[in-house]
Every structure is written in structure tokens, then in C-alpha cells.
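Quick notes on the structure that follows.
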Amino acid sequence: MKRFNDGTSGFRSGPQRTTWMSLSLPVRLLGFSLAVVAFAFLIVRIDRNIWLAQGHLQEGFAAVKAEKFYFGVNFRVRLRKLSDTLLDYHLSGNATELQNFRQEAGDLKSWLQTRKAGFVEPDERAAFAKLEASYSGFLERVDPLQWLNGSGPVNREQFGTAYEQLARDYQPVLEACDEVVQSEHGAFDAFLKKSDRALLSLQRLFLLSLLLLVALA
């Protein structure tokens, strides 16, 4: 019990309340340093995640080549040119046209091989393998040494028959090409959805990083 000068009395018991300002300066500096380090660590971790996510997006966009989306158009054009060369050979019987057909057929097959690596998804690879098999079967069916018995020039009636036969022969190849294009479009749609989710996550990380910077300040 303690009596005050004004005649009142009171008492104090228990430990004094500890406040931040009542702590010694070294303790306060240590606490401040730990807070700065903790906030800085969080910001570094967030920024690292942002860089990783950005890197994944860059890799994804790098894999999306513009020429890939014109694959179906390019293949159809080259297949049509190959078919026209074959018809020219049977119409004229010129050995030069036969050489051109052989060259164009080999070039188209090599071109398919160079584009194969760009189709990485399972559905894409399966559709592409089907296209390769269809194209190989097409070349076997329209081989000039077997088709029309390699008899050289043909008359109008024979040419009409030959044209209809050739159209039937390359129709399965065109259908296989369409499957490749459809599978590729599906993979691209999935990539866009994944990219949207990644961008939304980046926005949230940027916002969180900004809030931490303000809190640290």
C-alpha cells in the first residue's frame, strides 16, 4: 500500500507492462532487422515464383510457331501439286514428269519429318502418325510403275478414269490431315486456357508483392 501526498492511497502489484518503447535500443533494432529480413525473404520468394511462371509462359509461346497453324494448308497445297504432276506424267508420258513426281514425293515426305517434332501432345502425335501412314499408303497406290500399268500417255477416257482414281486415293490422306489440324487446334485451346490461369496467378503474385513492399516501407 502506498499513500500519496494528497491523502489518497493505492497499490501496485505484479510486473510492469512491457511496451515496445520500453525495450532497449539493441532489442528494438534486432526486432526491426528480423522483420525486414522476413519481409525481404517473402518478396524474393514471390519474385522467384513470378520469374519461373514467366519462363514457363515464354517456353510455351516459343513452342507455338505461326507456321504450325498453316500446316494443313501447306500440306494440301503440296499434295495437290504432287497429284497434278502425276496426272501430267500419265497425260504426256514424259519421263521428266516422272522424275518431278519422284522428287516432289520425296520432298513432301522429308517436309513431314521436319514438322513432326512440333506436334508434342499425345493426340497430336497419334494423328500425325496416322497422316504419315496414310501418305505412305498413297504413294504405294499411285506409283506410276503400277498405276495404269505404267503405260505412258492415255486418251481422254483413260485420263478421266485416272483422275477419279487419284481423287479416291488421296482422300484418306486429306482426312488424316484434317485430324492433325483438329488435334492441333485442341492442344492450342488447352494452351490458351493454361496461359490464362498462369496470367491470373501472376497478377495475384504481383499484387501480393506490392502489398509486402508497402508493409515493409
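We label chains A, B, ... in the order they appear in the C-alpha cells, count residues from 1 in each chain, and number ligands from 1 in the order shown.
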
Which neighbours of Asp178 in chain A fall inside 12 Å, counting only C-alpha atoms, when residues of the same chain fewer than 2 positions from it are skipped, and could you give them as a list in words?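 The residues that qualify are Tyr70, Phe71, Gly72, Val73, Phe75, Arg76, Glu124, Ala127, Phe128, Lys130, Leu131, Gln171, Pro172, Val173, Leu174, Glu175, Ala176, Val180, Val181, Gln182, Ser183, Glu184 and His185 of chain A.
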
Tell me, as a PDB file with N, CA and C atoms, in the first residue's frame, which residues lie within 7 Å of Leu98 in chain A, counting only C-alpha atoms; anything in the same chain fewer than 4 positions away does not count.
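Once written, result_25.pdb looks like this:
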```
ATOM      1  N   TYR A  89       2.216 -36.603-115.926  1.00  0.00           N
ATOM      2  CA  TYR A  89       3.022 -37.703-116.443  1.00  0.00           C
ATOM      3  C   TYR A  89       2.168 -38.691-117.216  1.00  0.00           C
ATOM      4  N   ASN A  94       5.833 -38.196-120.423  1.00  0.00           N
ATOM      5  CA  ASN A  94       7.165 -37.593-120.397  1.00  0.00           C
ATOM      6  C   ASN A  94       7.929 -38.078-119.168  1.00  0.00           C
ATOM      7  N   ARG A 102       8.740 -38.062-108.536  1.00  0.00           N
ATOM      8  CA  ARG A 102       9.593 -38.725-107.543  1.00  0.00           C
ATOM      9  C   ARG A 102      10.237 -37.704-106.610  1.00  0.00           C
TER      10      ARG A 102
END
```

re CA of Ala167 in chain A and CA of Ala126 in chain A: distance 24.6 Å

Between A:Glu121, A:Glu140, A:Ser209, A:Leu166, which has the minimum distance to Ala190 in chain A (counting only C-alpha atoms)? A:Glu121
